[in-house]
file protein_1.txt (compact mmCIF, C-alpha atoms)
# COMPACT_ATOMS: atom_id res chain seq x y z
CA MET A 1 66.83 99.03 -126.72
CA GLU A 2 65.15 97.84 -123.53
CA GLN A 3 64.87 100.51 -120.93
CA PHE A 4 64.75 99.36 -117.36
CA ILE A 5 63.38 101.63 -114.71
CA ILE A 6 65.16 102.10 -111.44
CA SER A 7 64.72 104.33 -108.47
CA PRO A 8 68.14 104.93 -106.88
CA SER A 9 66.76 106.50 -103.70
CA SER A 10 64.53 103.55 -102.94
CA GLY A 11 65.51 101.37 -100.01
CA ILE A 12 65.66 98.40 -102.34
CA PRO A 13 69.20 98.00 -103.70
CA ILE A 14 69.46 98.83 -107.41
CA TYR A 15 70.73 95.34 -108.30
CA LYS A 16 67.59 93.86 -106.71
CA GLN A 17 65.33 96.26 -108.60
CA LEU A 18 66.98 95.21 -111.84
CA TYR A 19 66.85 91.55 -110.87
CA SER A 20 63.12 91.50 -110.22
CA GLN A 21 62.36 93.55 -113.34
CA ILE A 22 64.27 91.20 -115.61
CA GLU A 23 62.86 88.15 -113.81
CA ARG A 24 59.38 89.40 -114.59
CA MET A 25 60.24 90.29 -118.16
CA VAL A 26 61.48 86.75 -118.68
CA LEU A 27 58.47 85.15 -117.01
CA ASN A 28 55.92 87.22 -118.89
CA GLY A 29 57.62 86.58 -122.20
CA TYR A 30 58.79 90.13 -122.87
CA PHE A 31 62.25 88.64 -123.29
CA SER A 32 62.00 85.50 -125.36
CA VAL A 33 64.26 82.48 -125.17
CA ASP A 34 67.72 83.06 -126.63
CA GLN A 35 67.11 86.79 -126.76
CA ARG A 36 70.23 88.74 -125.98
CA LEU A 37 70.15 91.24 -123.14
CA PRO A 38 71.85 94.62 -123.44
CA SER A 39 75.45 94.58 -122.21
CA VAL A 40 76.39 95.54 -118.67
CA ARG A 41 78.11 98.66 -119.94
CA GLN A 42 75.08 99.66 -122.00
CA VAL A 43 72.63 99.29 -119.10
CA ALA A 44 74.99 101.05 -116.67
CA ASN A 45 75.38 103.92 -119.11
CA ASP A 46 71.64 104.23 -119.84
CA LEU A 47 70.65 104.15 -116.19
CA ASN A 48 73.65 106.10 -114.89
CA VAL A 49 74.55 103.44 -112.40
CA ASN A 50 77.73 101.64 -111.46
CA PRO A 51 78.45 98.75 -113.87
CA MET A 52 79.16 96.54 -110.86
CA THR A 53 75.50 96.87 -109.89
CA VAL A 54 74.34 95.64 -113.29
CA SER A 55 76.85 92.76 -113.22
CA LYS A 56 75.54 91.76 -109.84
CA ALA A 57 71.94 91.57 -111.11
CA TYR A 58 72.98 89.65 -114.23
CA GLY A 59 75.10 87.28 -112.15
CA LEU A 60 72.21 86.51 -109.84
CA LEU A 61 69.86 85.91 -112.79
CA GLU A 62 72.43 83.56 -114.25
CA GLU A 63 72.77 81.75 -110.94
CA ARG A 64 69.02 81.28 -110.70
CA GLY A 65 68.83 79.90 -114.22
CA TYR A 66 67.10 82.79 -116.01
CA LEU A 67 70.09 83.85 -118.08
CA THR A 68 73.01 82.08 -119.68
CA ARG A 69 76.35 83.71 -120.33
CA LEU A 70 77.47 83.07 -123.87
CA ARG A 71 81.05 83.62 -124.90
CA GLY A 72 81.31 86.75 -126.99
CA LYS A 73 77.56 87.29 -126.95
CA GLY A 74 76.87 88.33 -123.41
CA MET A 75 73.74 87.30 -121.58
CA VAL A 76 70.88 85.51 -123.29
CA VAL A 77 67.59 84.20 -121.93
CA THR A 78 67.92 80.54 -120.98
CA ALA A 79 65.77 77.99 -122.79
CA ARG A 80 63.95 76.16 -120.05
CA ASP A 81 61.43 73.46 -119.51
CA ASN A 82 57.87 74.76 -119.55
CA GLU A 83 57.28 72.95 -116.29
CA VAL A 84 60.17 74.73 -114.57
CA LEU A 85 59.02 78.05 -115.95
CA GLN A 86 55.50 77.42 -114.75
CA GLN A 87 56.88 76.62 -111.31
CA GLU A 88 58.78 79.94 -111.23
CA LYS A 89 55.56 81.78 -112.09
CA PHE A 90 53.70 80.02 -109.29
CA THR A 91 56.45 80.87 -106.83
CA MET A 92 56.26 84.54 -107.77
CA LEU A 93 52.47 84.64 -107.50
CA ASP A 94 52.63 82.73 -104.23
CA GLU A 95 54.80 85.45 -102.72
CA MET A 96 52.35 88.11 -103.88
CA ILE A 97 49.45 86.20 -102.37
CA LYS A 98 51.27 85.83 -99.04
CA GLU A 99 51.84 89.59 -99.00
CA LEU A 100 48.18 90.22 -99.85
CA LEU A 101 47.00 87.92 -97.07
CA ALA A 102 49.34 89.53 -94.54
CA GLN A 103 48.01 92.99 -95.45
CA ALA A 104 44.42 91.71 -95.17
CA LYS A 105 45.17 90.22 -91.77
CA HIS A 106 46.41 93.60 -90.48
CA MET A 107 43.12 95.11 -91.59
CA GLY A 108 41.25 92.36 -89.78
CA ILE A 109 39.98 90.77 -92.99
CA SER A 110 39.97 86.98 -93.13
CA GLY A 111 41.64 84.85 -95.78
CA HIS A 112 38.23 83.47 -96.74
CA LYS A 113 36.95 86.94 -97.45
CA VAL A 114 40.02 87.63 -99.63
CA ALA A 115 39.45 84.35 -101.52
CA GLN A 116 35.84 85.35 -102.05
CA MET A 117 36.89 88.78 -103.33
CA ILE A 118 39.27 87.10 -105.77
CA SER A 119 36.46 84.83 -107.03
CA ASP A 120 34.17 87.82 -107.43
CA ASN A 121 36.82 89.62 -109.42
CA ILE A 122 37.32 86.64 -111.70
CA ALA A 123 33.56 86.39 -112.22
CA SER A 124 33.17 90.07 -113.12
CA ASN A 125 36.22 89.94 -115.41
CA GLN A 126 34.74 87.07 -117.40
CA ASP A 127 32.11 89.41 -118.80
CA LYS A 128 34.84 91.47 -120.43
CA PRO A 129 36.53 90.30 -123.63
CA GLU A 130 40.07 90.68 -122.25
CA GLY A 131 39.18 88.35 -119.39
CA LYS A 132 39.01 85.44 -121.84
CA GLU A 133 41.61 82.73 -121.39
CA MET B 1 92.31 93.42 -103.59
CA ALA B 2 95.15 95.71 -102.70
CA CYS B 3 94.68 98.31 -100.01
CA ILE B 4 94.95 101.76 -101.63
CA VAL B 5 94.40 103.99 -98.63
CA ASN B 6 95.02 103.01 -95.04
CA VAL B 7 94.35 105.48 -92.24
CA GLU B 8 95.13 104.54 -88.66
CA GLY B 9 94.55 106.58 -85.53
CA LEU B 10 94.21 109.88 -87.37
CA THR B 11 93.69 112.76 -84.97
CA LYS B 12 93.31 116.39 -85.92
CA SER B 13 91.86 119.46 -84.24
CA TYR B 14 91.52 123.12 -85.04
CA LYS B 15 92.54 125.22 -82.03
CA ASN B 16 90.73 123.40 -79.24
CA GLN B 17 88.03 121.97 -81.45
CA SER B 18 88.59 118.27 -82.02
CA VAL B 19 87.62 117.29 -85.58
CA LEU B 20 89.07 113.84 -86.24
CA ASN B 21 89.68 111.55 -83.30
CA GLN B 22 91.58 108.28 -83.67
CA LEU B 23 90.03 107.71 -87.08
CA ASN B 24 90.64 104.42 -88.90
CA TRP B 25 89.72 103.80 -92.52
CA LYS B 26 90.86 101.30 -95.11
CA ILE B 27 89.98 101.60 -98.79
CA GLU B 28 90.60 98.88 -101.30
CA GLN B 29 91.39 99.05 -104.98
CA GLY B 30 88.33 99.33 -107.21
CA ASP B 31 86.10 100.69 -104.48
CA VAL B 32 83.87 103.66 -105.23
CA VAL B 33 83.29 105.13 -101.81
CA GLY B 34 80.74 107.79 -100.97
CA LEU B 35 81.61 109.73 -97.82
CA LEU B 36 78.68 111.22 -95.93
CA GLY B 37 78.75 113.48 -92.92
CA LYS B 38 76.90 116.41 -91.45
CA ASN B 39 78.10 119.94 -92.08
CA GLY B 40 81.28 120.44 -90.11
CA ALA B 41 81.79 116.72 -89.52
CA GLY B 42 85.29 117.05 -90.98
CA LYS B 43 84.90 115.45 -94.41
CA SER B 44 87.15 118.01 -96.14
CA THR B 45 89.61 117.87 -93.27
CA LEU B 46 89.83 114.10 -93.61
CA LEU B 47 90.33 114.19 -97.40
CA LYS B 48 92.89 116.99 -97.15
CA SER B 49 94.76 115.17 -94.39
CA MET B 50 95.01 112.08 -96.55
CA LEU B 51 96.57 114.20 -99.28
CA ASN B 52 98.97 115.97 -96.92
CA ILE B 53 97.35 119.34 -97.58
CA ASN B 54 96.56 119.58 -93.88
CA ASP B 55 98.90 118.93 -91.00
CA ILE B 56 97.77 116.17 -88.71
CA GLU B 57 98.46 115.73 -85.00
CA SER B 58 98.87 112.00 -84.86
CA GLY B 59 98.18 108.83 -86.77
CA THR B 60 99.54 107.11 -89.82
CA ILE B 61 98.25 107.33 -93.36
CA SER B 62 99.49 105.30 -96.28
CA ILE B 63 98.52 105.67 -99.91
CA PHE B 64 99.56 103.07 -102.50
CA GLY B 65 101.56 101.52 -99.64
CA GLU B 66 103.70 104.64 -99.17
CA GLN B 67 103.66 107.06 -96.26
CA TYR B 68 101.31 109.92 -97.14
CA ASN B 69 103.82 112.71 -96.52
CA GLN B 70 106.66 110.99 -98.37
CA LEU B 71 104.86 109.96 -101.53
CA SER B 72 107.05 109.36 -104.55
CA THR B 73 106.45 111.56 -107.59
CA ALA B 74 105.13 108.51 -109.42
CA SER B 75 102.53 107.90 -106.73
CA LYS B 76 101.53 111.55 -106.62
CA SER B 77 100.84 111.51 -110.34
CA ARG B 78 98.45 108.60 -109.82
CA ILE B 79 96.17 110.73 -107.64
CA GLY B 80 93.50 113.12 -108.88
CA TYR B 81 91.91 115.56 -106.46
CA VAL B 82 89.05 118.01 -106.85
CA PRO B 83 88.86 120.39 -103.89
CA GLN B 84 85.63 121.84 -102.62
CA GLU B 85 86.91 125.35 -103.11
CA ASN B 86 88.92 126.54 -106.04
CA ASP B 87 92.54 126.93 -105.03
CA GLU B 88 93.91 127.41 -108.52
CA ILE B 89 95.62 130.55 -109.76
CA SER B 90 92.66 132.69 -110.70
CA TRP B 91 94.41 135.21 -112.98
CA LEU B 92 95.42 132.51 -115.46
CA SER B 93 93.27 131.70 -118.47
CA VAL B 94 91.79 128.21 -118.56
CA ASN B 95 94.15 127.32 -121.39
CA ASP B 96 97.25 128.55 -119.50
CA LEU B 97 96.15 126.78 -116.35
CA ILE B 98 95.73 123.50 -118.20
CA ASN B 99 99.17 123.86 -119.82
CA PHE B 100 100.71 124.82 -116.49
CA ARG B 101 99.30 121.78 -114.74
CA LYS B 102 100.21 119.48 -117.60
CA GLN B 103 103.94 120.04 -117.01
CA PHE B 104 103.80 118.25 -113.67
CA TYR B 105 102.58 114.96 -115.06
CA CYS B 106 104.22 112.29 -117.15
CA THR B 107 100.82 110.92 -118.17
CA TRP B 108 98.38 113.49 -119.49
CA SER B 109 95.55 112.93 -121.91
CA ASP B 110 95.12 115.91 -124.25
CA GLU B 111 92.27 113.96 -125.83
CA LYS B 112 90.40 113.78 -122.54
CA VAL B 113 90.92 117.51 -122.00
CA THR B 114 89.72 118.43 -125.50
CA GLU B 115 86.72 116.13 -125.24
CA LEU B 116 85.58 117.48 -121.88
CA VAL B 117 86.30 121.11 -122.73
CA SER B 118 84.07 120.92 -125.78
CA ARG B 119 81.37 118.82 -124.12
CA TRP B 120 81.20 121.13 -121.13
CA GLU B 121 81.45 124.22 -123.35
CA ILE B 122 84.32 125.82 -121.53
CA ASP B 123 85.83 128.96 -122.98
CA LEU B 124 89.59 128.36 -122.86
CA THR B 125 90.40 132.05 -123.26
CA LYS B 126 88.55 133.15 -120.14
CA LYS B 127 90.36 133.73 -116.90
CA ILE B 128 89.48 131.43 -114.01
CA SER B 129 88.26 134.46 -112.09
CA GLU B 130 85.73 135.17 -114.86
CA LEU B 131 84.08 131.76 -114.68
CA SER B 132 80.94 130.84 -112.78
CA PRO B 133 81.29 128.44 -109.81
CA GLY B 134 79.84 125.62 -111.93
CA GLN B 135 82.34 126.26 -114.73
CA ILE B 136 85.23 126.42 -112.26
CA GLN B 137 84.17 123.10 -110.82
CA ARG B 138 84.15 121.60 -114.31
CA VAL B 139 87.65 122.93 -114.98
CA LEU B 140 88.86 121.43 -111.69
CA ILE B 141 87.33 118.10 -112.66
CA ILE B 142 89.07 118.21 -116.05
CA LEU B 143 92.39 118.96 -114.35
CA ALA B 144 91.90 115.99 -112.04
CA LEU B 145 90.90 113.56 -114.79
CA ALA B 146 93.49 114.57 -117.41
CA PRO B 147 96.45 112.69 -115.88
CA MET B 148 94.39 109.45 -115.97
CA PRO B 149 94.70 108.90 -112.20
CA GLU B 150 94.16 105.59 -110.41
CA LEU B 151 92.92 107.18 -107.21
CA LEU B 152 90.39 109.99 -107.44
CA ILE B 153 89.39 112.08 -104.48
CA PHE B 154 86.47 114.48 -104.90
CA ASP B 155 85.35 116.87 -102.21
CA GLU B 156 81.71 117.71 -102.94
CA PRO B 157 82.25 117.44 -106.68
CA ALA B 158 78.70 118.19 -107.67
CA ALA B 159 77.94 121.01 -105.25
CA SER B 160 77.96 123.82 -107.83
CA LEU B 161 76.66 121.81 -110.78
CA ASP B 162 73.11 121.94 -112.09
CA PRO B 163 71.20 118.63 -112.50
CA ALA B 164 72.29 118.17 -116.13
CA GLY B 165 75.90 118.98 -115.23
CA ARG B 166 75.77 116.53 -112.34
CA ARG B 167 74.42 113.76 -114.55
CA ASP B 168 77.14 114.38 -117.05
CA PHE B 169 79.76 114.33 -114.32
CA LEU B 170 78.32 111.04 -112.99
CA LYS B 171 78.55 109.57 -116.49
CA GLU B 172 82.19 110.54 -116.63
CA ILE B 173 82.91 108.87 -113.28
CA LEU B 174 80.95 105.78 -114.28
CA ALA B 175 82.92 105.48 -117.50
CA LEU B 176 86.09 105.67 -115.40
CA VAL B 177 85.08 103.08 -112.84
CA SER B 178 84.15 100.51 -115.46
CA ASP B 179 87.91 100.00 -115.26
CA GLU B 180 87.82 98.13 -111.97
CA SER B 181 91.33 99.05 -110.91
CA ILE B 182 90.35 102.70 -110.35
CA THR B 183 89.48 103.78 -106.84
CA VAL B 184 87.21 106.74 -106.15
CA ILE B 185 86.46 108.53 -102.88
CA PHE B 186 83.95 111.35 -102.92
CA SER B 187 82.24 113.33 -100.21
CA THR B 188 78.72 114.51 -100.90
CA HIS B 189 75.43 115.69 -99.52
CA ILE B 190 73.54 114.41 -102.52
CA THR B 191 72.71 110.87 -101.48
CA SER B 192 71.02 109.99 -104.79
CA ASP B 193 74.33 110.54 -106.63
CA LEU B 194 76.03 108.29 -104.14
CA GLU B 195 73.34 105.64 -104.58
CA ARG B 196 73.95 105.55 -108.31
CA ILE B 197 77.70 105.29 -108.43
CA ALA B 198 79.13 104.11 -105.10
CA ASN B 199 79.52 100.51 -104.06
CA LYS B 200 80.45 101.50 -100.52
CA VAL B 201 79.20 104.12 -98.13
CA ALA B 202 81.14 105.66 -95.26
CA ILE B 203 79.74 107.95 -92.59
CA LEU B 204 81.94 110.39 -90.73
CA ASP B 205 80.47 111.34 -87.38
CA LYS B 206 81.99 112.55 -84.10
CA GLY B 207 85.51 112.40 -85.49
CA GLN B 208 85.41 108.82 -86.68
CA ILE B 209 84.23 106.71 -89.59
CA CYS B 210 81.30 105.40 -87.60
CA TYR B 211 79.92 103.36 -90.47
CA PHE B 212 81.58 101.81 -93.51
CA ASN B 213 79.92 99.11 -95.51
CA ASP B 214 78.75 97.89 -98.86
CA LEU B 215 75.88 100.07 -100.10
CA ASP B 216 73.64 97.10 -100.97
CA VAL B 217 74.35 95.44 -97.62
CA THR B 218 73.50 98.74 -95.94
CA LYS B 219 70.13 98.98 -97.66
CA GLU B 220 69.35 95.37 -96.83
CA ASN B 221 70.31 95.77 -93.19
CA VAL B 222 69.41 99.24 -92.00
CA VAL B 223 65.65 98.88 -92.23
CA GLN B 224 62.45 99.76 -90.52
CA LEU B 225 60.71 96.82 -88.88
CA THR B 226 57.11 96.39 -87.84
CA VAL B 227 56.71 93.51 -85.43
CA HIS B 228 53.17 92.33 -84.76
CA TYR B 229 52.66 90.47 -81.51
CA GLN B 230 50.29 90.12 -78.61
CA PRO B 231 50.73 92.34 -75.53
CA GLU B 232 51.57 89.30 -73.37
CA GLN B 233 54.50 88.37 -75.63
CA ASN B 234 57.71 90.05 -74.68
CA ILE B 235 59.79 90.72 -77.77
CA THR B 236 63.09 92.56 -77.87
CA ILE B 237 64.30 93.72 -81.26
CA PRO B 238 68.09 93.35 -81.64
CA TYR B 239 70.23 96.25 -82.92
CA LEU B 240 67.37 98.65 -82.37
CA LEU B 241 68.33 102.28 -82.99
CA ARG B 242 64.98 103.66 -81.94
CA GLY B 243 61.50 102.32 -81.77
CA LYS B 244 58.07 102.76 -80.42
CA LYS B 245 55.47 100.36 -79.13
CA PHE B 246 51.85 100.21 -80.15
CA SER B 247 49.01 98.04 -78.90
CA GLN B 248 49.66 95.19 -81.31
CA GLY B 249 53.41 95.31 -81.44
CA GLN B 250 56.42 97.46 -82.05
CA GLN B 251 57.88 99.54 -84.82
CA GLY B 252 61.51 100.49 -85.02
CA ILE B 253 64.66 101.03 -87.01
CA VAL B 254 67.55 98.62 -86.73
CA SER B 255 71.20 99.13 -87.66
CA GLN B 256 71.47 95.46 -88.57
CA LEU B 257 68.96 92.84 -89.56
CA ASP B 258 69.54 89.82 -87.36
CA GLN B 259 68.73 86.74 -89.47
CA ALA B 260 68.84 84.35 -86.49
CA TRP B 261 66.32 86.54 -84.69
CA LEU B 262 64.09 86.64 -87.79
CA THR B 263 64.07 82.82 -87.91
CA LYS B 264 63.21 82.70 -84.22
CA MET B 265 60.31 85.11 -84.76
CA LYS B 266 59.03 82.96 -87.61
CA GLN B 267 59.09 79.91 -85.35
CA GLN B 268 57.13 81.81 -82.73
CA ALA B 269 54.65 82.90 -85.42
CA VAL B 270 55.47 86.55 -84.78
CA GLU B 271 54.99 88.52 -87.94
CA VAL B 272 57.80 90.84 -88.94
CA THR B 273 57.40 93.29 -91.81
CA ILE B 274 60.61 94.70 -93.26
CA ASN B 275 60.44 98.15 -94.84
CA PRO B 276 63.58 99.24 -96.64
CA MET B 277 64.79 102.84 -96.38
CA GLY B 278 66.58 105.15 -98.78
CA LEU B 279 70.13 106.22 -98.04
CA GLU B 280 69.14 109.69 -96.89
CA ASP B 281 66.95 108.24 -94.14
CA ILE B 282 69.58 105.66 -93.28
CA PHE B 283 72.19 108.41 -92.92
CA LEU B 284 69.91 110.49 -90.70
CA GLU B 285 69.13 107.48 -88.51
CA LEU B 286 72.75 106.40 -88.14
CA THR B 287 73.90 109.88 -87.15
CA ALA B 288 70.90 110.83 -84.99
call {"tool": "encode", "arguments": {"input": "protein_1.txt", "output": "structure tokens"}}
result
Amino acid sequence: MEQFIISPSSGIPIYKQLYSQIERMVLNGYFSVDQRLPSVRQVANDLNVNPMTVSKAYGLLEERGYLTRLRGKGMVVTARDNEVLQQEKFTMLDEMIKELLAQAKHMGISGHKVAQMISDNIASNQDKPEGKE
Amino acid sequence: MACIVNVEGLTKSYKNQSVLNQLNWKIEQGDVVGLLGKNGAGKSTLLKSMLNINDIESGTISIFGEQYNQLSTASKSRIGYVPQENDEISWLSVNDLINFRKQFYCTWSDEKVTELVSRWEIDLTKKISELSPGQIQRVLIILALAPMPELLIFDEPAASLDPAGRRDFLKEILALVSDESITVIFSTHITSDLERIANKVAILDKGQICYFNDLDVTKENVVQLTVHYQPEQNITIPYLLRGKKFSQGQQGIVSQLDQAWLTKMKQQAVEVTINPMGLEDIFLELTA
């Protein structure tokens, strides 16, 4: 049984926390294509949250093409074009980079410096076995 | 969705102390509403007034479309209420109290009673007066849930429960509200409970429901903003509750996130960082 982690007292609504967690789990292959997600009731019961919240997250994931609602089976991971999937991954990383650059800017560090730091990190990671692609 | 509770112009005071002042509140079927308010804000007074336990000075209240003080027996049996303080007959044993209360209802689930009594390890032979506050609260909850009500009103339901007891109580409420026709109103100080189970949050302050909105919408709108701009730029943040300026901009808390303003800022290349806040902080800000 997949256990999602939520923090109810966070300022981020619970449905959004669930949404981004599942989005990531789909993109990084934790949930494979056609895999069935736990039911709304199951997740609500495990996390002690209102079932409406879970439905809302699932609904949004369905709307954005990550999940497909199957009659009698609940939600399963949508089979999608590799190209589309790749694009989703880029979009997610792009948002993280924007955030990183904004933070750097506040500290008075240029984008070029950040790019250089990223290159340096890649270079030093290549020495390690897990850095292999 | 049908309107389950409709309060209009409710006014109530104790001696010369005004508690509720022209209060309006409308609750729809299927809503799970968390009611927040400072100590003495009048949360219990409001809930008791709705149930005709308190006299009111003026205003109209309707429940299930009927006038609150002329509810039919059928409508009354559809309401479950857990008071903040035990007002049950304390010399009765738990078993006698349950049987006594059962007589008043045409729907009563013995199964539910048995299940909860064993899960919450309640000694049926003990007198109410011999129970701890936490055990009394559990008995009151059982009494409220047994008739399978459609409208549940809880006044600080978790106040005397320990964390495990609270979790278990939350589970029970969550199981109930998976039936979307059931409406729940509960007052609380424990905002994390509210965040888990409510879909709407109401704040009672200065005699009125000063805030009532979807919980998710609330978290997305009542936020802290950091706006970075040059000293020569003159930026006014809309819906600002309070804020302070610093050399490179302004930081503040808004009661509503103005999307049109955000777009305008983007066009002007003004950077706005949005920091969400938990409900406890939101409550404190909105009632400051």
call {"tool": "residues_around", "arguments": {"input": "protein_1.txt", "residues": "Thr287 (chain B)", "least_positions_apart": "4", "cutoff": "9 Å", "atoms": "all atoms listed in the file", "output": "list in words"}}
result
Gly37, Lys38, Ile203, Leu204, Asp205, Cys210, Ile282 and Phe283 of chain B
call {"tool": "interface_residues", "arguments": {"input": "protein_1.txt", "of": "chain B", "to": "chain A", "cutoff": "10 Å", "atoms": "all atoms listed in the file", "output": "PyMOL selection string"}}
result
chain B and resi 32+167-168+170-175+177-180+191-199+215-220+222-223+228+248+271+273+275-282
call {"tool": "residues_around", "arguments": {"input": "protein_1.txt", "residues": "Gly65 (chain B)", "least_positions_apart": "2", "cutoff": "9 Å", "atoms": "only C-alpha atoms", "output": "list in words"}}
result
Cys3, Ile4, Val5, Asn6, Ser62, Ile63, Gln67 and Tyr68 of chain B
call {"tool": "atom_distance", "arguments": {"input": "protein_1.txt", "atom1": "CA of Leu10 (chain B)", "atom2": "CA of Ser49 (chain B)"}}
result
8.8 Å
call {"tool": "atom_distance", "arguments": {"input": "protein_1.txt", "atom1": "CA of Gln103 (chain A)", "atom2": "CA of Leu85 (chain A)"}}
result
27.7 Å
